[in-house]
$ cat work_25.tsv   # TSV, C-alpha atoms (C1' of nucleotides)
chain	number	residue	atom	x	y	z
A	1	MET	CA	0.00	0.00	0.00
A	2	PHE	CA	1.06	3.57	-0.68
A	3	LEU	CA	0.59	5.66	2.45
A	4	SER	CA	1.77	8.96	3.97
A	5	THR	CA	2.93	12.23	2.46
A	6	SER	CA	6.41	13.55	1.72
A	7	HIS	CA	7.98	16.59	0.09
A	8	ASN	CA	10.93	15.98	-2.25
A	9	LYS	CA	13.05	18.14	-4.48
A	10	ILE	CA	13.00	18.03	-8.27
A	11	ASP	CA	16.41	18.82	-9.79
A	12	LEU	CA	17.25	20.47	-13.10
A	13	LYS	CA	17.09	17.16	-14.94
A	14	CYS	CA	13.53	16.62	-13.65
A	15	ARG	CA	14.79	13.88	-11.38
A	16	VAL	CA	13.09	13.22	-8.06
A	17	SER	CA	13.43	10.59	-5.36
A	18	ILE	CA	10.40	8.39	-4.97
A	19	PRO	CA	9.78	8.00	-1.21
A	20	ALA	CA	11.57	4.89	0.02
A	21	SER	CA	8.40	3.32	1.41
A	22	PHE	CA	6.72	3.56	-2.01
A	23	ARG	CA	9.73	1.94	-3.64
A	24	VAL	CA	9.76	-0.87	-1.12
A	25	ASN	CA	6.10	-1.44	-1.82
A	26	LEU	CA	6.74	-1.74	-5.55
A	27	GLU	CA	9.69	-4.07	-5.06
A	28	LYS	CA	7.74	-6.27	-2.70
A	29	LEU	CA	4.99	-6.62	-5.29
A	30	ASN	CA	7.60	-7.07	-8.02
A	31	GLU	CA	5.96	-4.29	-9.97
A	32	THR	CA	7.16	-1.57	-12.31
A	33	LEU	CA	5.96	1.99	-11.88
A	34	ILE	CA	3.58	3.79	-14.21
A	35	LEU	CA	3.00	7.56	-14.04
A	36	PHE	CA	0.08	9.22	-15.79
A	37	LYS	CA	-2.07	12.36	-15.86
A	38	SER	CA	-4.82	12.20	-13.28
A	39	LEU	CA	-8.28	12.28	-14.85
A	40	GLN	CA	-9.68	14.12	-11.86
A	41	PHE	CA	-7.02	16.51	-10.61
A	42	LYS	CA	-4.16	18.67	-11.78
A	43	CYS	CA	-1.60	16.14	-10.59
A	44	ILE	CA	0.32	13.04	-11.61
A	45	GLU	CA	-0.90	9.65	-10.52
A	46	GLY	CA	1.44	6.72	-9.91
A	47	THR	CA	0.42	3.10	-9.93
A	48	THR	CA	1.61	-0.40	-10.76
A	49	SER	CA	1.87	-1.83	-14.25
A	50	THR	CA	-0.44	-4.66	-13.25
A	51	ARG	CA	-3.22	-2.22	-12.43
A	52	MET	CA	-2.58	-0.44	-15.70
A	53	LYS	CA	-2.92	-3.72	-17.58
A	54	THR	CA	-6.37	-4.26	-16.12
A	55	TYR	CA	-7.46	-0.97	-17.70
A	56	ILE	CA	-5.98	-2.03	-21.01
A	57	ASP	CA	-7.85	-5.30	-20.89
A	58	ALA	CA	-10.99	-3.38	-20.06
A	59	ILE	CA	-10.64	-1.36	-23.27
A	60	ASP	CA	-11.05	-4.50	-25.36
A	61	GLU	CA	-14.19	-5.44	-23.47
A	62	LEU	CA	-15.85	-2.08	-24.05
A	63	ASP	CA	-17.59	-0.94	-27.19
A	64	ALA	CA	-14.62	0.39	-29.17
A	65	LEU	CA	-16.63	3.45	-30.23
A	66	SER	CA	-17.79	4.40	-26.73
A	67	ASP	CA	-16.67	7.51	-24.88
A	68	GLU	CA	-15.30	5.35	-22.09
A	69	ALA	CA	-13.01	3.43	-24.42
A	70	PHE	CA	-11.95	6.71	-26.00
A	71	LEU	CA	-10.98	8.20	-22.64
A	72	LEU	CA	-9.15	5.09	-21.53
A	73	ARG	CA	-7.08	5.06	-24.70
A	74	MET	CA	-6.18	8.70	-24.14
A	75	MET	CA	-5.21	7.82	-20.60
A	76	MET	CA	-2.78	5.20	-21.93
A	77	ALA	CA	-1.32	7.81	-24.28
A	78	ASP	CA	-0.67	10.03	-21.28
A	79	SER	CA	0.99	7.22	-19.31
A	80	PHE	CA	4.67	6.43	-18.95
A	81	GLU	CA	6.52	3.38	-17.77
A	82	ILE	CA	9.16	4.66	-15.36
A	83	LYS	CA	12.59	3.26	-14.52
A	84	PHE	CA	14.48	3.93	-11.30
A	85	ASP	CA	18.13	4.89	-11.16
A	86	ILE	CA	20.39	3.20	-8.65
A	87	ASN	CA	19.44	5.71	-5.95
A	88	GLY	CA	15.71	5.29	-6.30
A	89	ARG	CA	15.14	8.36	-8.41
A	90	VAL	CA	13.00	8.72	-11.51
A	91	VAL	CA	12.83	11.26	-14.30
A	92	ILE	CA	9.42	12.86	-14.63
A	93	PRO	CA	8.51	13.14	-18.33
A	94	ASP	CA	8.02	16.67	-19.63
A	95	PRO	CA	4.31	16.30	-20.45
A	96	LEU	CA	3.65	15.27	-16.86
A	97	MET	CA	5.77	18.11	-15.41
A	98	ASN	CA	3.73	20.62	-17.41
A	99	PHE	CA	0.36	19.03	-16.74
A	100	ALA	CA	0.85	19.05	-12.97
A	101	GLY	CA	2.53	22.46	-12.94
A	102	LEU	CA	5.69	21.08	-11.35
A	103	SER	CA	9.01	22.90	-11.17
A	104	ASP	CA	11.39	22.31	-8.24
A	105	LYS	CA	9.31	20.64	-5.54
A	106	ALA	CA	6.97	17.67	-5.50
A	107	VAL	CA	4.53	16.47	-2.87
A	108	PHE	CA	4.03	12.70	-2.78
A	109	MET	CA	0.72	11.60	-1.35
A	110	GLY	CA	-0.01	7.90	-0.88
A	111	ILE	CA	-3.67	6.97	-1.22
A	112	GLY	CA	-3.57	3.19	-0.96
A	113	GLY	CA	-3.50	1.46	-4.31
A	114	SER	CA	-1.84	4.43	-5.97
A	115	PHE	CA	-0.27	7.80	-5.16
A	116	TYR	CA	-0.43	11.40	-6.32
A	117	ILE	CA	2.36	13.83	-7.15
A	118	TRP	CA	1.33	17.47	-6.65
A	119	SER	CA	2.98	20.84	-6.97
A	120	PRO	CA	3.22	22.37	-3.47
A	121	THR	CA	0.64	25.08	-4.23
A	122	GLU	CA	-1.83	22.70	-5.79
A	123	TYR	CA	-1.39	20.36	-2.86
A	124	GLU	CA	-2.12	23.20	-0.42
A	125	ASN	CA	-5.28	24.08	-2.30
A	126	GLN	CA	-6.57	20.54	-2.24
A	127	TYR	CA	-5.68	20.15	1.41
A	128	MET	CA	-7.53	23.34	2.35
A	129	LYS	CA	-10.50	22.20	0.35
A	130	SER	CA	-10.61	18.90	2.18
A	131	GLN	CA	-10.52	20.68	5.54
A	132	GLU	CA	-13.42	22.92	4.55
A	133	ILE	CA	-15.52	20.00	3.43
A	134	LEU	CA	-14.71	18.26	6.67
A	135	LYS	CA	-15.88	21.29	8.70
A	136	GLU	CA	-19.06	21.67	6.67
A	137	LYS	CA	-20.18	18.11	6.27
A	138	GLY	CA	-18.35	16.26	9.01
A	139	PRO	CA	-16.40	13.05	8.51
A	140	PRO	CA	-17.49	10.65	5.76
A	141	LYS	CA	-19.51	7.63	6.67
A	142	LEU	CA	-17.33	4.73	5.74
A	143	ILE	CA	-18.87	1.45	4.82
A	144	LEU	CA	-16.24	-0.98	5.99
A	145	LYS	CA	-18.06	-4.16	5.25
A	146	LYS	CA	-20.50	-5.03	2.55
A	147	ASN	CA	-23.26	-7.48	3.23
B	148	MET	CA	2.20	-2.55	-23.50
B	149	PHE	CA	2.35	0.45	-25.79
B	150	LEU	CA	2.20	3.57	-23.63
B	151	SER	CA	2.88	7.30	-23.91
B	152	THR	CA	2.96	9.76	-26.77
B	153	SER	CA	5.85	11.06	-28.86
B	154	HIS	CA	6.31	13.37	-31.82
B	155	ASN	CA	8.77	12.20	-34.48
B	156	LYS	CA	9.88	13.54	-37.80
B	157	ILE	CA	9.12	11.91	-41.15
B	158	ASP	CA	11.88	12.46	-43.71
B	159	LEU	CA	11.63	12.74	-47.50
B	160	LYS	CA	11.85	8.97	-47.91
B	161	CYS	CA	8.87	8.53	-45.58
B	162	ARG	CA	11.16	7.12	-42.92
B	163	VAL	CA	10.29	7.63	-39.28
B	164	SER	CA	11.71	6.37	-35.99
B	165	ILE	CA	9.39	4.15	-34.03
B	166	PRO	CA	9.65	5.26	-30.38
B	167	ALA	CA	12.25	3.16	-28.60
B	168	SER	CA	9.84	1.96	-25.94
B	169	PHE	CA	7.51	0.58	-28.63
B	170	ARG	CA	10.39	-1.23	-30.27
B	171	VAL	CA	11.50	-2.71	-26.99
B	172	ASN	CA	7.97	-3.90	-26.38
B	173	LEU	CA	7.88	-5.64	-29.76
B	174	GLU	CA	11.28	-7.25	-29.21
B	175	LYS	CA	10.32	-8.43	-25.76
B	176	LEU	CA	7.23	-10.10	-27.16
B	177	ASN	CA	9.25	-11.40	-30.11
B	178	GLU	CA	6.70	-9.85	-32.45
B	179	THR	CA	6.77	-8.24	-35.85
B	180	LEU	CA	5.04	-4.95	-36.51
B	181	ILE	CA	1.89	-4.57	-38.58
B	182	LEU	CA	0.57	-1.21	-39.77
B	183	PHE	CA	-2.94	-0.71	-41.15
B	184	LYS	CA	-5.66	1.90	-41.66
B	185	SER	CA	-7.70	2.53	-38.55
B	186	LEU	CA	-11.36	1.59	-38.91
B	187	GLN	CA	-12.44	4.41	-36.61
B	188	PHE	CA	-10.11	7.31	-37.16
B	189	LYS	CA	-8.09	9.05	-39.79
B	190	CYS	CA	-4.86	7.51	-38.56
B	191	ILE	CA	-2.61	4.49	-38.88
B	192	GLU	CA	-2.85	1.74	-36.34
B	193	GLY	CA	0.19	-0.34	-35.40
B	194	THR	CA	0.07	-3.64	-33.60
B	195	THR	CA	1.70	-7.03	-33.25
B	196	SER	CA	1.20	-9.79	-35.76
B	197	THR	CA	-0.29	-11.92	-33.00
B	198	ARG	CA	-2.97	-9.38	-32.25
B	199	MET	CA	-3.63	-9.07	-35.96
B	200	LYS	CA	-4.28	-12.80	-36.06
B	201	THR	CA	-6.98	-12.40	-33.46
B	202	TYR	CA	-8.71	-9.97	-35.83
B	203	ILE	CA	-8.44	-12.53	-38.59
B	204	ASP	CA	-9.89	-15.22	-36.37
B	205	ALA	CA	-12.70	-12.87	-35.50
B	206	ILE	CA	-13.71	-12.74	-39.15
B	207	ASP	CA	-14.27	-16.47	-39.19
B	208	GLU	CA	-16.64	-16.15	-36.28
B	209	LEU	CA	-18.77	-13.64	-38.13
B	210	ASP	CA	-21.38	-14.24	-40.78
B	211	ALA	CA	-19.21	-14.38	-43.89
B	212	LEU	CA	-21.62	-12.18	-45.84
B	213	SER	CA	-22.05	-9.52	-43.16
B	214	ASP	CA	-20.89	-5.93	-43.52
B	215	GLU	CA	-18.59	-6.41	-40.54
B	216	ALA	CA	-16.77	-9.30	-42.14
B	217	PHE	CA	-16.52	-7.28	-45.32
B	218	LEU	CA	-14.92	-4.36	-43.49
B	219	LEU	CA	-12.47	-6.56	-41.63
B	220	ARG	CA	-11.35	-8.22	-44.85
B	221	MET	CA	-10.77	-4.81	-46.39
B	222	MET	CA	-8.72	-3.91	-43.36
B	223	MET	CA	-6.50	-6.93	-43.89
B	224	ALA	CA	-5.97	-5.97	-47.48
B	225	ASP	CA	-4.62	-2.60	-46.39
B	226	SER	CA	-2.24	-4.06	-43.81
B	227	PHE	CA	1.51	-4.06	-44.10
B	228	GLU	CA	4.15	-6.07	-42.34
B	229	ILE	CA	6.89	-3.59	-41.50
B	230	LYS	CA	10.66	-4.09	-41.23
B	231	PHE	CA	12.97	-1.93	-39.16
B	232	ASP	CA	16.27	-0.54	-40.37
B	233	ILE	CA	19.32	-0.77	-38.11
B	234	ASN	CA	18.40	2.49	-36.34
B	235	GLY	CA	14.85	1.49	-35.50
B	236	ARG	CA	13.23	3.33	-38.37
B	237	VAL	CA	10.49	2.15	-40.69
B	238	VAL	CA	9.22	3.30	-44.06
B	239	ILE	CA	5.54	4.17	-43.99
B	240	PRO	CA	3.83	2.79	-47.11
B	241	ASP	CA	2.31	5.41	-49.43
B	242	PRO	CA	-1.33	4.31	-49.01
B	243	LEU	CA	-1.01	4.76	-45.25
B	244	MET	CA	0.71	8.14	-45.56
B	245	ASN	CA	-2.18	9.38	-47.68
B	246	PHE	CA	-4.91	7.83	-45.59
B	247	ALA	CA	-3.66	9.45	-42.38
B	248	GLY	CA	-2.80	12.75	-44.08
B	249	LEU	CA	0.84	12.53	-43.02
B	250	SER	CA	3.63	14.68	-44.39
B	251	ASP	CA	6.63	15.63	-42.24
B	252	LYS	CA	5.56	14.94	-38.67
B	253	ALA	CA	4.01	11.95	-36.94
B	254	VAL	CA	2.49	11.63	-33.50
B	255	PHE	CA	2.84	8.18	-31.94
B	256	MET	CA	0.20	7.43	-29.37
B	257	GLY	CA	0.39	4.23	-27.33
B	258	ILE	CA	-2.99	2.84	-26.29
B	259	GLY	CA	-2.03	-0.44	-24.64
B	260	GLY	CA	-2.33	-3.36	-27.02
B	261	SER	CA	-1.61	-1.20	-30.05
B	262	PHE	CA	-0.70	2.34	-31.06
B	263	TYR	CA	-1.89	5.08	-33.40
B	264	ILE	CA	0.10	7.26	-35.79
B	265	TRP	CA	-1.57	10.65	-36.36
B	266	SER	CA	-0.81	13.80	-38.25
B	267	PRO	CA	-0.17	16.56	-35.68
B	268	THR	CA	-3.38	18.43	-36.52
B	269	GLU	CA	-5.55	15.34	-36.40
B	270	TYR	CA	-3.97	14.38	-33.10
B	271	GLU	CA	-4.72	17.80	-31.64
B	272	ASN	CA	-8.37	17.49	-32.64
B	273	GLN	CA	-8.74	14.13	-31.00
B	274	TYR	CA	-6.98	15.25	-27.85
B	275	MET	CA	-9.24	18.29	-27.54
B	276	LYS	CA	-12.24	16.06	-28.03
B	277	SER	CA	-11.14	13.77	-25.22
B	278	GLN	CA	-10.72	16.73	-22.87
B	279	GLU	CA	-14.25	17.89	-23.68
B	280	ILE	CA	-15.73	14.47	-23.05
B	281	LEU	CA	-13.81	14.31	-19.78
B	282	LYS	CA	-15.20	17.68	-18.69
B	283	GLU	CA	-18.76	16.77	-19.64
B	284	LYS	CA	-19.00	13.21	-18.46
B	285	GLY	CA	-16.19	12.87	-15.94
B	286	PRO	CA	-13.75	9.97	-15.75
B	287	PRO	CA	-14.81	6.42	-16.68
B	288	LYS	CA	-16.46	4.47	-13.88
B	289	LEU	CA	-13.68	1.94	-14.06
B	290	ILE	CA	-11.18	4.55	-12.87
B	291	LEU	CA	-13.25	5.60	-9.90
B	292	LYS	CA	-13.34	2.11	-8.49
B	293	LYS	CA	-9.61	1.63	-8.14
B	294	ASN	CA	-8.69	3.55	-4.94
C	295	DT	C1'	19.47	6.70	28.11
C	296	DG	C1'	22.98	9.37	25.81
C	297	DG	C1'	25.88	9.58	22.12
C	298	DG	C1'	28.82	7.84	18.74
C	299	DA	C1'	28.88	4.50	14.83
C	300	DT	C1'	26.43	2.82	10.93
C	301	DA	C1'	23.22	2.47	7.51
C	302	DA	C1'	19.66	4.47	4.59
C	303	DC	C1'	18.11	8.22	2.12
C	304	DA	C1'	17.96	12.36	-0.69
C	305	DT	C1'	20.48	15.06	-3.84
C	306	DG	C1'	24.33	16.87	-7.03
C	307	DG	C1'	27.26	16.27	-11.01
C	308	DG	C1'	29.86	14.03	-14.68
C	309	DT	C1'	30.41	10.14	-18.21
C	310	DT	C1'	28.73	6.83	-21.22
C	311	DT	C1'	25.13	4.98	-24.00
C	312	DT	C1'	20.97	5.33	-26.60
C	313	DT	C1'	17.95	7.62	-29.63
C	314	DA	C1'	16.42	10.32	-33.35
C	315	DT	C1'	17.61	11.92	-37.68
C	316	DG	C1'	20.41	13.29	-41.78
C	317	DG	C1'	23.08	11.53	-45.41
C	318	DT	C1'	25.57	8.20	-48.78
C	319	DA	C1'	26.57	4.15	-51.27
C	320	DG	C1'	25.07	-0.22	-53.09
C	321	DT	C1'	21.32	-3.27	-55.26
C	322	DC	C1'	17.70	-4.67	-58.04
C	323	DA	C1'	14.31	-4.20	-61.43
C	324	DA	C1'	11.90	-1.90	-65.07
D	325	DT	C1'	20.51	3.68	-66.90
D	326	DT	C1'	17.46	5.64	-64.17
D	327	DG	C1'	14.58	5.48	-60.29
D	328	DA	C1'	13.12	3.28	-56.17
D	329	DC	C1'	14.46	0.78	-52.33
D	330	DT	C1'	17.64	-1.05	-48.89
D	331	DA	C1'	21.62	-1.32	-46.02
D	332	DC	C1'	25.00	1.20	-43.81
D	333	DC	C1'	27.58	5.29	-41.68
D	334	DA	C1'	27.69	9.87	-39.08
D	335	DT	C1'	26.28	13.06	-35.55
D	336	DA	C1'	23.85	16.01	-32.20
D	337	DA	C1'	20.78	15.76	-28.53
D	338	DA	C1'	18.74	13.35	-24.97
D	339	DA	C1'	18.47	9.75	-21.73
D	340	DA	C1'	20.48	6.32	-18.77
D	341	DC	C1'	24.15	5.19	-15.79
D	342	DC	C1'	27.58	5.64	-12.24
D	343	DC	C1'	30.11	7.88	-8.45
D	344	DA	C1'	30.28	11.38	-4.72
D	345	DT	C1'	28.43	13.83	-0.71
D	346	DG	C1'	25.55	15.86	2.88
D	347	DT	C1'	21.75	14.78	5.79
D	348	DT	C1'	18.61	12.13	8.31
D	349	DA	C1'	17.27	8.02	10.60
D	350	DT	C1'	18.54	3.69	12.96
D	351	DC	C1'	21.31	0.84	15.75
D	352	DC	C1'	24.24	-0.52	19.41
D	353	DC	C1'	26.70	-0.38	23.51
D	354	DA	C1'	28.53	1.72	27.51
$ encode --input "work_25.tsv" --output "structure tokens"
Amino acid sequence: MFLSTSHNKIDLKCRVSIPASFRVNLEKLNETLILFKSLQFKCIEGTTSTRMKTYIDAIDELDALSDEAFLLRMMMADSFEIKFDINGRVVIPDPLMNFAGLSDKAVFMGIGGSFYIWSPTEYENQYMKSQEILKEKGPPKLILKKN
Amino acid sequence: MFLSTSHNKIDLKCRVSIPASFRVNLEKLNETLILFKSLQFKCIEGTTSTRMKTYIDAIDELDALSDEAFLLRMMMADSFEIKFDINGRVVIPDPLMNFAGLSDKAVFMGIGGSFYIWSPTEYENQYMKSQEILKEKGPPKLILKKN
DNA sequence: TGGGATAACATGGGTTTTTATGGTAGTCAA
DNA sequence: TTGACTACCATAAAAACCCATGTTATCCCA
């Protein structure tokens, strides 16, 4: 699982250290890392190649002309298979840097099965927003067990 | 898996570099490359010979006289088995150049099991369209399930 | 429990390799 | 013999790789 939040530096070559705990998680699962443009937020999403393959398989099951299939194909086009260097760093592809508005700092946010990479300002905004919703509506009612 | 997007140049001999990651994918699968006219879009589709065989098998499952079978047979007729030169380049056959409206630039778009080759303008149009659909309808339900 | 030793991590920079792309020479067929 | 096609060579730019270093976290023992 990808959990916790950390702030890392992006250098001039667009290299950034993936938090060690995320790396360990990938290694343990024997997975390679995929980065892609989030469909919901102005951020990068990271996940395993296995999860990505399930989406690909889903494309074949859908009506090829449907909007869903169209969006999923575009999502693949905006996805990148990422290699680590010996120190656990990756290079963030240019299209992803631009999309997420990244420059010299990245915020890694583990959300379980995947993680987000935000620019510090965008992260702040989203965090504030979550706090406001929490104040207004109270905590979410989690359904932990389905019948 | 064919993932990510890249913009490559087509020279006067209609040669173009296939993105390295696509080539690696083909080599890893021990596959040869097939290019053919997309049935849905004004672009070239590239895939493995194995995947192409599944299309062929699909024809046999259909009513031999149906319009679908007719279309699929036409698709086969416009397919080309492509060889690489030593630098990982291919020559795009004339009929495909014309069909996709290609001249001096090609956009390679990986969509999982296969990839598209677009003219830059056509690619832009499709990308815009996907962003509009995303804004209107939101992300596919499949994506929302994963966290 | 304090504090030094050790390991793990994040980050910087240089070197080598790969990739994309332009060009040339050889080959075959009309 | 000319034109199209293929195989091969050259090069600049980009990416991958490797080594070095400061900083933080962990361990171990007195």
$ calpha_fit_and_write --input "work_25.tsv" --fixed "chain A" --moving "chain B" --output "short mmCIF file (atom, residue, chain, number, x, y, z; two decimals) with C-alpha atoms, in the coordinates of the input"
data_model
loop_
_atom_site.label_atom_id
_atom_site.label_comp_id
_atom_site.auth_asym_id
_atom_site.auth_seq_id
_atom_site.Cartn_x
_atom_site.Cartn_y
_atom_site.Cartn_z
CA MET B 148 -0.38 -0.50 -0.68
CA PHE B 149 0.71 3.06 -1.31
CA LEU B 150 0.09 5.04 1.87
CA SER B 151 1.08 8.36 3.43
CA THR B 152 2.24 11.68 2.06
CA SER B 153 5.74 13.09 1.58
CA HIS B 154 7.28 16.24 0.16
CA ASN B 155 10.38 15.74 -2.00
CA LYS B 156 12.58 18.03 -3.98
CA ILE B 157 12.83 18.04 -7.78
CA ASP B 158 16.30 18.99 -9.02
CA LEU B 159 17.29 20.78 -12.23
CA LYS B 160 17.37 17.52 -14.17
CA CYS B 161 13.78 16.80 -13.13
CA ARG B 162 14.99 14.03 -10.86
CA VAL B 163 13.04 13.23 -7.73
CA SER B 164 13.23 10.52 -5.07
CA ILE B 165 10.26 8.22 -4.96
CA PRO B 166 9.41 7.73 -1.26
CA ALA B 167 11.15 4.62 0.03
CA SER B 168 7.93 2.98 1.17
CA PHE B 169 6.50 3.27 -2.35
CA ARG B 170 9.62 1.71 -3.81
CA VAL B 171 9.52 -1.13 -1.34
CA ASN B 172 5.90 -1.73 -2.25
CA LEU B 173 6.78 -1.94 -5.94
CA GLU B 174 9.70 -4.28 -5.29
CA LYS B 175 7.61 -6.51 -3.08
CA LEU B 176 5.02 -6.84 -5.82
CA ASN B 177 7.79 -7.25 -8.40
CA GLU B 178 6.24 -4.43 -10.40
CA THR B 179 7.51 -1.66 -12.61
CA LEU B 180 6.31 1.90 -12.20
CA ILE B 181 4.03 3.69 -14.64
CA LEU B 182 3.40 7.43 -14.54
CA PHE B 183 0.56 9.13 -16.42
CA LYS B 184 -1.66 12.21 -16.43
CA SER B 185 -4.54 11.96 -14.01
CA LEU B 186 -7.95 11.99 -15.69
CA GLN B 187 -9.51 13.83 -12.76
CA PHE B 188 -6.94 16.18 -11.36
CA LYS B 189 -4.06 18.38 -12.34
CA CYS B 190 -1.51 15.87 -11.11
CA ILE B 191 0.50 12.83 -12.12
CA GLU B 192 -0.73 9.41 -11.19
CA GLY B 193 1.70 6.57 -10.49
CA THR B 194 0.78 2.92 -10.41
CA THR B 195 1.97 -0.58 -11.17
CA SER B 196 2.11 -1.97 -14.66
CA THR B 197 -0.33 -4.67 -13.60
CA ARG B 198 -2.93 -2.15 -12.55
CA MET B 199 -2.34 -0.28 -15.78
CA LYS B 200 -3.18 -3.46 -17.66
CA THR B 201 -6.54 -3.58 -15.95
CA TYR B 202 -7.24 -0.12 -17.38
CA ILE B 203 -6.28 -1.39 -20.81
CA ASP B 204 -8.55 -4.39 -20.45
CA ALA B 205 -11.32 -2.06 -19.40
CA ILE B 206 -11.09 -0.30 -22.75
CA ASP B 207 -11.86 -3.52 -24.56
CA GLU B 208 -15.02 -3.91 -22.53
CA LEU B 209 -16.26 -0.50 -23.59
CA ASP B 210 -17.92 0.53 -26.81
CA ALA B 211 -14.88 1.19 -28.99
CA LEU B 212 -16.37 4.41 -30.33
CA SER B 213 -17.46 5.83 -26.98
CA ASP B 214 -16.00 8.96 -25.42
CA GLU B 215 -14.81 6.90 -22.46
CA ALA B 216 -12.78 4.57 -24.63
CA PHE B 217 -11.38 7.59 -26.42
CA LEU B 218 -10.26 9.17 -23.15
CA LEU B 219 -8.69 5.97 -21.87
CA ARG B 220 -6.72 5.52 -25.08
CA MET B 221 -5.44 9.08 -24.77
CA MET B 222 -4.41 8.28 -21.23
CA MET B 223 -2.35 5.34 -22.42
CA ALA B 224 -0.63 7.50 -24.96
CA ASP B 225 0.52 9.83 -22.20
CA SER B 226 1.84 7.03 -19.99
CA PHE B 227 5.48 6.39 -19.27
CA GLU B 228 7.27 3.37 -17.94
CA ILE B 229 9.76 4.72 -15.42
CA LYS B 230 13.20 3.41 -14.42
CA PHE B 231 14.86 4.07 -11.10
CA ASP B 232 18.47 5.13 -10.67
CA ILE B 233 20.61 3.43 -8.03
CA ASN B 234 19.40 5.84 -5.32
CA GLY B 235 15.70 5.32 -5.96
CA ARG B 236 15.22 8.43 -8.05
CA VAL B 237 13.30 8.83 -11.28
CA VAL B 238 13.26 11.44 -14.01
CA ILE B 239 9.82 12.93 -14.53
CA PRO B 240 9.11 13.26 -18.27
CA ASP B 241 8.60 16.83 -19.52
CA PRO B 242 4.95 16.40 -20.59
CA LEU B 243 4.08 15.26 -17.07
CA MET B 244 6.04 18.07 -15.41
CA ASN B 245 4.08 20.60 -17.45
CA PHE B 246 0.72 18.93 -17.04
CA ALA B 247 0.98 18.87 -13.24
CA GLY B 248 2.57 22.33 -13.04
CA LEU B 249 5.65 20.99 -11.28
CA SER B 250 8.88 22.90 -10.79
CA ASP B 251 11.08 22.30 -7.74
CA LYS B 252 8.88 20.49 -5.25
CA ALA B 253 6.65 17.44 -5.47
CA VAL B 254 4.09 16.10 -3.04
CA PHE B 255 3.68 12.32 -3.11
CA MET B 256 0.31 11.16 -1.91
CA GLY B 257 -0.39 7.45 -1.50
CA ILE B 258 -4.01 6.47 -2.09
CA GLY B 259 -3.86 2.69 -1.85
CA GLY B 260 -3.58 1.06 -5.25
CA SER B 261 -1.78 4.05 -6.73
CA PHE B 262 -0.35 7.44 -5.82
CA TYR B 263 -0.53 11.06 -6.95
CA ILE B 264 2.26 13.56 -7.54
CA TRP B 265 1.11 17.16 -6.99
CA SER B 266 2.65 20.58 -7.04
CA PRO B 267 2.62 21.91 -3.46
CA THR B 268 -0.01 24.56 -4.21
CA GLU B 269 -2.31 22.18 -6.01
CA TYR B 270 -1.95 19.70 -3.18
CA GLU B 271 -2.89 22.34 -0.63
CA ASN B 272 -6.04 23.19 -2.57
CA GLN B 273 -7.15 19.60 -2.72
CA TYR B 274 -6.42 19.02 0.94
CA MET B 275 -8.44 22.07 1.94
CA LYS B 276 -11.27 20.86 -0.24
CA SER B 277 -11.29 17.48 1.47
CA GLN B 278 -11.44 19.13 4.90
CA GLU B 279 -14.44 21.20 3.79
CA ILE B 280 -16.28 18.17 2.45
CA LEU B 281 -15.52 16.36 5.70
CA LYS B 282 -16.95 19.23 7.74
CA GLU B 283 -20.07 19.50 5.60
CA LYS B 284 -20.93 15.89 5.00
CA GLY B 285 -19.10 14.03 7.76
CA PRO B 286 -17.06 10.87 7.29
CA PRO B 287 -18.01 8.26 4.67
CA LYS B 288 -20.60 5.74 5.80
CA LEU B 289 -18.10 2.98 5.27
CA ILE B 290 -15.93 4.36 8.08
CA LEU B 291 -18.77 4.54 10.56
CA LYS B 292 -19.55 0.87 10.23
CA LYS B 293 -16.17 -0.44 11.29
CA ASN B 294 -16.20 -0.16 15.12
#
$ atom_distance --input "work_25.tsv" --atom1 "atom CA of Phe84 of chain A" --atom2 "atom CA of Ala20 of chain A"
11.7 Å
$ closest_atom_pairs --input "work_25.tsv" --of "chain C" --to "chain B" --cutoff "9 Å" --atoms "only C-alpha atoms (C1' of nucleotides)" --output "tab-separated table"
residue	atom	partner	partner_atom	distance
C:DT313	C1'	B:Ala167	CA	7.3
C:DA314	C1'	B:Ser164	CA	6.7
C:DT315	C1'	B:Lys156	CA	7.9
C:DG316	C1'	B:Asp158	CA	8.8
$ residues_around --input "work_25.tsv" --residues "Met76 of chain A" --least-positions-apart "5" --cutoff "12 Å" --atoms "only C-alpha atoms (C1' of nucleotides)" --output "number ranges by chain"
A: 34-39, 49, 52-57, 59, 69-71, 81; B: 148-152, 255-263
$ interface_residues --input "work_25.tsv" --of "chain D" --to "chain B" --cutoff "10 Å" --atoms "only C-alpha atoms (C1' of nucleotides)" --output "count of residues only"
4
$ residues_around --input "work_25.tsv" --residues "DT311 of chain C" --least-positions-apart "4" --cutoff "9 Å" --atoms "only C-alpha atoms (C1' of nucleotides)" --output "PyMOL selection string"
chain D and resi 339-341
$ closest_residue --input "work_25.tsv" --among "B:Asp214, B:Val238, B:Met222, B:Gln187" --to "chain A" --atoms "all atoms listed in the file"
B:Gln187
$ axis_aligned_box --input "work_25.tsv" --around "segment 308-324 of chain C" --padding-each-side "3 Å" --output "AutoDock Vina command-line options"
--center_x 21.2 --center_y 4.7 --center_z -39.9 --size_x 24.5 --size_y 24.7 --size_z 56.4
